[in-house]
$ cat my_file.txt   # compact mmCIF, C-alpha atoms and all ligand atoms
# COMPACT_ATOMS: atom_id res chain seq x y z
CA MET A 2 -19.14 -0.19 3.30
CA ASN A 3 -17.05 -2.73 1.48
CA ILE A 4 -14.02 -1.71 -0.60
CA LEU A 5 -11.27 -3.34 -2.63
CA VAL A 6 -7.69 -2.04 -2.62
CA ILE A 7 -5.65 -3.17 -5.63
CA ASN A 8 -1.88 -2.89 -6.03
CA GLY A 9 -0.18 -3.65 -9.31
CA PRO A 10 3.23 -5.00 -10.33
CA ASN A 11 6.34 -4.58 -8.19
CA LEU A 12 4.49 -2.99 -5.29
CA ASN A 13 5.18 -6.23 -3.38
CA MET A 14 8.85 -5.10 -3.58
CA LEU A 15 8.25 -1.92 -1.55
CA GLY A 16 11.10 -1.24 0.86
CA ILE A 17 13.59 -2.94 -1.46
CA ARG A 18 12.56 -1.25 -4.67
CA GLU A 19 14.02 2.24 -5.42
CA PRO A 20 13.64 3.51 -1.82
CA ASP A 21 14.48 7.08 -2.89
CA LEU A 22 11.28 7.07 -4.95
CA TYR A 23 8.99 4.78 -2.99
CA GLY A 24 10.31 4.98 0.57
CA LYS A 25 11.70 2.42 3.01
CA ALA A 26 8.40 0.99 4.27
CA ASP A 27 7.66 -2.50 2.95
CA TYR A 28 4.48 -3.99 1.49
CA ALA A 29 3.45 -5.38 4.90
CA ALA A 30 3.53 -1.81 6.25
CA LEU A 31 1.27 -0.70 3.40
CA VAL A 32 -1.17 -3.54 4.15
CA LYS A 33 -1.18 -2.56 7.84
CA LEU A 34 -1.81 1.11 7.04
CA VAL A 35 -4.77 0.17 4.82
CA GLU A 36 -6.18 -2.29 7.39
CA ASP A 37 -5.78 0.16 10.29
CA THR A 38 -7.35 3.02 8.31
CA CYS A 39 -10.33 0.88 7.29
CA ALA A 40 -10.80 -0.53 10.81
CA ARG A 41 -10.84 3.01 12.23
CA GLU A 42 -13.36 4.13 9.59
CA GLY A 43 -15.63 1.09 9.92
CA ILE A 44 -14.90 -0.08 6.37
CA ASP A 45 -14.58 -3.73 5.28
CA VAL A 46 -11.55 -4.05 3.04
CA GLU A 47 -10.01 -6.65 0.78
CA ILE A 48 -6.42 -5.98 -0.27
CA PHE A 49 -5.06 -7.53 -3.46
CA GLN A 50 -1.66 -7.33 -5.14
CA SER A 51 -0.67 -8.89 -8.44
CA ASN A 52 2.13 -8.63 -10.96
CA HIS A 53 -0.26 -9.84 -13.70
CA GLU A 54 -2.52 -7.60 -15.75
CA GLY A 55 -5.18 -10.29 -16.35
CA ALA A 56 -5.36 -11.11 -12.63
CA ILE A 57 -6.07 -7.44 -11.92
CA VAL A 58 -8.78 -7.39 -14.61
CA ASP A 59 -10.31 -10.55 -13.08
CA LYS A 60 -10.28 -8.98 -9.61
CA ILE A 61 -11.99 -5.79 -10.83
CA GLN A 62 -14.65 -7.85 -12.60
CA ALA A 63 -15.21 -9.95 -9.43
CA ALA A 64 -15.89 -6.73 -7.49
CA TYR A 65 -19.05 -6.13 -9.53
CA GLY A 66 -22.10 -6.42 -7.27
CA LYS A 67 -19.88 -7.24 -4.26
CA LYS A 68 -17.88 -4.10 -3.47
CA ASP A 69 -18.93 -0.48 -3.08
CA GLY A 70 -15.73 1.05 -4.44
CA ILE A 71 -12.11 0.52 -5.41
CA VAL A 72 -8.78 2.14 -4.51
CA ILE A 73 -6.22 1.24 -7.15
CA ASN A 74 -2.51 1.72 -7.70
CA PRO A 75 -2.06 0.00 -11.07
CA ALA A 76 1.71 0.72 -10.89
CA ALA A 77 3.33 0.38 -14.34
CA TYR A 78 0.01 -0.78 -15.85
CA THR A 79 -1.25 2.74 -15.17
CA HIS A 80 0.59 3.89 -18.26
CA THR A 81 -0.11 0.95 -20.57
CA SER A 82 -3.30 -0.91 -19.72
CA VAL A 83 -6.45 -0.20 -21.68
CA ALA A 84 -7.68 -3.56 -20.30
CA ILE A 85 -7.65 -2.24 -16.71
CA LEU A 86 -9.35 0.98 -17.86
CA ASP A 87 -12.05 -1.05 -19.62
CA ALA A 88 -12.55 -3.30 -16.57
CA LEU A 89 -13.03 -0.25 -14.31
CA LYS A 90 -15.52 1.17 -16.80
CA ALA A 91 -17.28 -2.20 -17.11
CA VAL A 92 -18.02 -2.55 -13.39
CA SER A 93 -18.72 1.18 -13.07
CA LEU A 94 -17.73 1.28 -9.40
CA PRO A 95 -16.35 4.51 -7.94
CA ALA A 96 -12.56 4.16 -8.09
CA VAL A 97 -9.77 6.31 -6.65
CA GLU A 98 -6.29 6.18 -8.20
CA ILE A 99 -3.23 6.39 -5.99
CA HIS A 100 0.50 6.63 -6.71
CA ILE A 101 3.18 6.67 -4.05
CA SER A 102 5.52 8.83 -6.13
CA ASP A 103 4.65 12.07 -7.89
CA VAL A 104 4.32 10.67 -11.41
CA SER A 105 3.62 14.18 -12.77
CA GLN A 106 7.29 15.00 -12.10
CA ARG A 107 8.69 11.84 -13.69
CA GLU A 108 9.37 10.51 -17.21
CA ASP A 109 7.21 11.41 -20.21
CA PHE A 110 6.00 7.81 -20.54
CA ARG A 111 4.41 8.09 -17.08
CA GLN A 112 2.35 11.13 -18.04
CA VAL A 113 -0.60 9.15 -19.33
CA SER A 114 -2.84 7.25 -16.92
CA TYR A 115 -5.35 4.97 -18.59
CA ALA A 116 -6.85 3.76 -15.30
CA GLY A 117 -7.12 7.37 -14.15
CA MET A 118 -9.59 8.03 -16.96
CA ALA A 119 -12.10 5.86 -15.07
CA CYS A 120 -11.32 7.26 -11.60
CA ILE A 121 -13.11 9.97 -9.63
CA LYS A 122 -9.87 11.27 -8.08
CA THR A 123 -6.09 10.74 -8.07
CA PHE A 124 -3.67 11.08 -5.17
CA MET A 125 0.06 11.09 -5.94
CA GLY A 126 3.37 12.00 -4.35
CA LEU A 127 2.19 11.55 -0.76
CA GLY A 128 3.95 8.24 -0.11
CA LEU A 129 1.90 5.60 1.70
CA GLU A 130 -0.20 8.39 3.25
CA GLY A 131 -1.84 8.67 -0.18
CA TYR A 132 -3.62 5.36 0.47
CA ARG A 133 -5.17 6.78 3.65
CA GLN A 134 -6.29 9.90 1.79
CA ALA A 135 -7.71 7.79 -1.06
CA ILE A 136 -9.71 5.61 1.36
CA LEU A 137 -11.08 8.66 3.22
CA TYR A 138 -12.01 10.32 -0.08
CA LEU A 139 -13.79 7.18 -1.30
CA LYS A 140 -15.67 6.87 2.01
CA GLU A 141 -16.84 10.51 1.78
CA TYR A 142 -17.90 9.98 -1.84
CA LEU A 143 -19.84 6.80 -1.05
CA ASN A 144 -21.54 8.43 1.93
CA ARG A 145 -22.68 11.29 -0.30
CA ALA A 146 -23.96 8.96 -3.05
C1 LIG B 1 3.67 4.05 -9.15
C2 LIG B 1 4.17 4.92 -10.30
C3 LIG B 1 4.30 4.12 -11.58
O1 LIG B 1 4.75 4.95 -12.65
C4 LIG B 1 5.29 3.00 -11.39
O2 LIG B 1 5.37 2.20 -12.57
C5 LIG B 1 5.00 2.18 -10.20
C6 LIG B 1 4.55 2.82 -8.97
C7 LIG B 1 3.64 4.79 -7.80
O3 LIG B 1 2.97 4.30 -6.90
O4 LIG B 1 4.27 5.84 -7.67
O5 LIG B 1 5.24 0.96 -10.20
O6 LIG B 1 2.34 3.63 -9.45
$ encode --input "my_file.txt" --output "structure tokens"
Amino acid sequence: MNILVINGPNLNMLGIREPDLYGKADYAALVKLVEDTCAREGIDVEIFQSNHEGAIVDKIQAAYGKKDGIVINPAAYTHTSVAILDALKAVSLPAVEIHISDVSQREDFRQVSYAGMACIKTFMGLGLEGYRQAILYLKEYLNRA
């Protein structure tokens, strides 16, 4: 099993960025959690972070025919990017959406998720643990498929 984990803009600033919302753990800790989870589960993982919408679209397109599924936190692009939604639909790979904070309890402009419209499941408000849950969910889903 071969998955891609994508993190969108400003997630490289974890630990520094609004710690009350996103916690004190930094991006390296997130990468380690994802790598450790995948190693334990026997999953090959590629982890990608970008602050650029087009780079995320390119990465999703490159997953076509190469990866079995995607875990994605599109960050602010969640609420704006039809391009990321279309890319997820184009490759038609099972994708799980994850948000560190509970976006359902935040501003009105965060209440729409374009990427989420192409995802099989969303985890939010669980902190970094949400990534572990998202990976386990995707593994279960792929094993059932
Ligand atoms: C986020 C929530 C988004 O609304 C925000 O723009 C982010 C992070 C989260 O993980 O909670 O950058 O995706």
$ residues_near_point --input "my_file.txt" --point "(6.7, 5.0, -1.0)" --cutoff "8 Å" --atoms "all atoms listed in the file" --output "number ranges by chain"
A: 15-16, 20, 22-26, 101-102, 127-129
$ write_last_selection --input "my_file.txt" --atoms "C-alpha atoms" --output "short mmCIF file (atom, residue, chain, number, x, y, z; two decimals), in the frame of the given file"
data_model
loop_
_atom_site.label_atom_id
_atom_site.label_comp_id
_atom_site.auth_asym_id
_atom_site.auth_seq_id
_atom_site.Cartn_x
_atom_site.Cartn_y
_atom_site.Cartn_z
CA LEU A 15 8.25 -1.92 -1.55
CA GLY A 16 11.10 -1.24 0.86
CA PRO A 20 13.64 3.51 -1.82
CA LEU A 22 11.28 7.07 -4.95
CA TYR A 23 8.99 4.78 -2.99
CA GLY A 24 10.31 4.98 0.57
CA LYS A 25 11.70 2.42 3.01
CA ALA A 26 8.40 0.99 4.27
CA ILE A 101 3.18 6.67 -4.05
CA SER A 102 5.52 8.83 -6.13
CA LEU A 127 2.19 11.55 -0.76
CA GLY A 128 3.95 8.24 -0.11
CA LEU A 129 1.90 5.60 1.70
#
$ residues_near_point --input "my_file.txt" --point "(-4.6, -8.0, -4.5)" --cutoff "9 Å" --atoms "only C-alpha atoms" --output "ChimeraX atom specification"
/A:5-9,47-51,56-57,60
$ closest_residue --input "my_file.txt" --among "A:Lys33, A:Arg133, A:Arg145, A:Arg18" --to "ligand LIG 1 (chain B)" --atoms "only C-alpha atoms and all ligand atoms"
A:Arg18
$ closest_residue --input "my_file.txt" --among "A:Cys120, A:Ile4, A:Ile17, A:Leu12" --to "Asn52 of chain A" --atoms "all atoms listed in the file"
A:Leu12
$ residues_near_ligand --input "my_file.txt" --ligand "ligand LIG 1 (chain B)" --cutoff "10 Å" --atoms "all atoms listed in the file" --output "VMD selection string"
chain A and resid 8 to 15 18 22 to 23 73 to 81 98 to 105 107 to 108 110 to 114 124 to 129 131 to 132
$ atom_distance --input "my_file.txt" --atom1 "atom CA of Lys122 of chain A" --atom2 "atom CA of Ile85 of chain A"
16.2 Å
$ atom_distance --input "my_file.txt" --atom1 "atom CA of Ala119 of chain A" --atom2 "atom CA of Ala30 of chain A"
27.5 Å
$ closest_residue --input "my_file.txt" --among "A:Val58, A:Ala63, A:Val32, A:Leu137" --to "Val97 of chain A" --atoms "all atoms listed in the file"
A:Leu137
$ residues_around --input "my_file.txt" --residues "Ala96 of chain A" --least-positions-apart "3" --cutoff "6 Å" --atoms "all atoms listed in the file" --output "MDAnalysis selection string"
chainID A and resid 70:72 120
$ atom_distance --input "my_file.txt" --atom1 "atom CA of Ser82 of chain A" --atom2 "atom CA of Ala116 of chain A"
7.3 Å
$ residues_around --input "my_file.txt" --residues "Ala88 of chain A" --least-positions-apart "3" --cutoff "8 Å" --atoms "all atoms listed in the file" --output "ChimeraX atom specification"
/A:58,61-62,84-85,91-92
$ closest_residue --input "my_file.txt" --among "A:Glu36, A:Gln106, A:Ile121, A:Asp69" --to "Met2 of chain A" --atoms "all atoms listed in the file"
A:Asp69
$ closest_residue --input "my_file.txt" --among "A:Val83, A:Ile136, A:Cys39, A:Leu31" --to "Gly55 of chain A" --atoms "all atoms listed in the file"
A:Val83
$ closest_residue --input "my_file.txt" --among "A:Asp37, A:Asp21, A:Asp27, A:Glu42" --to "Leu139 of chain A" --atoms "all atoms listed in the file"
A:Glu42
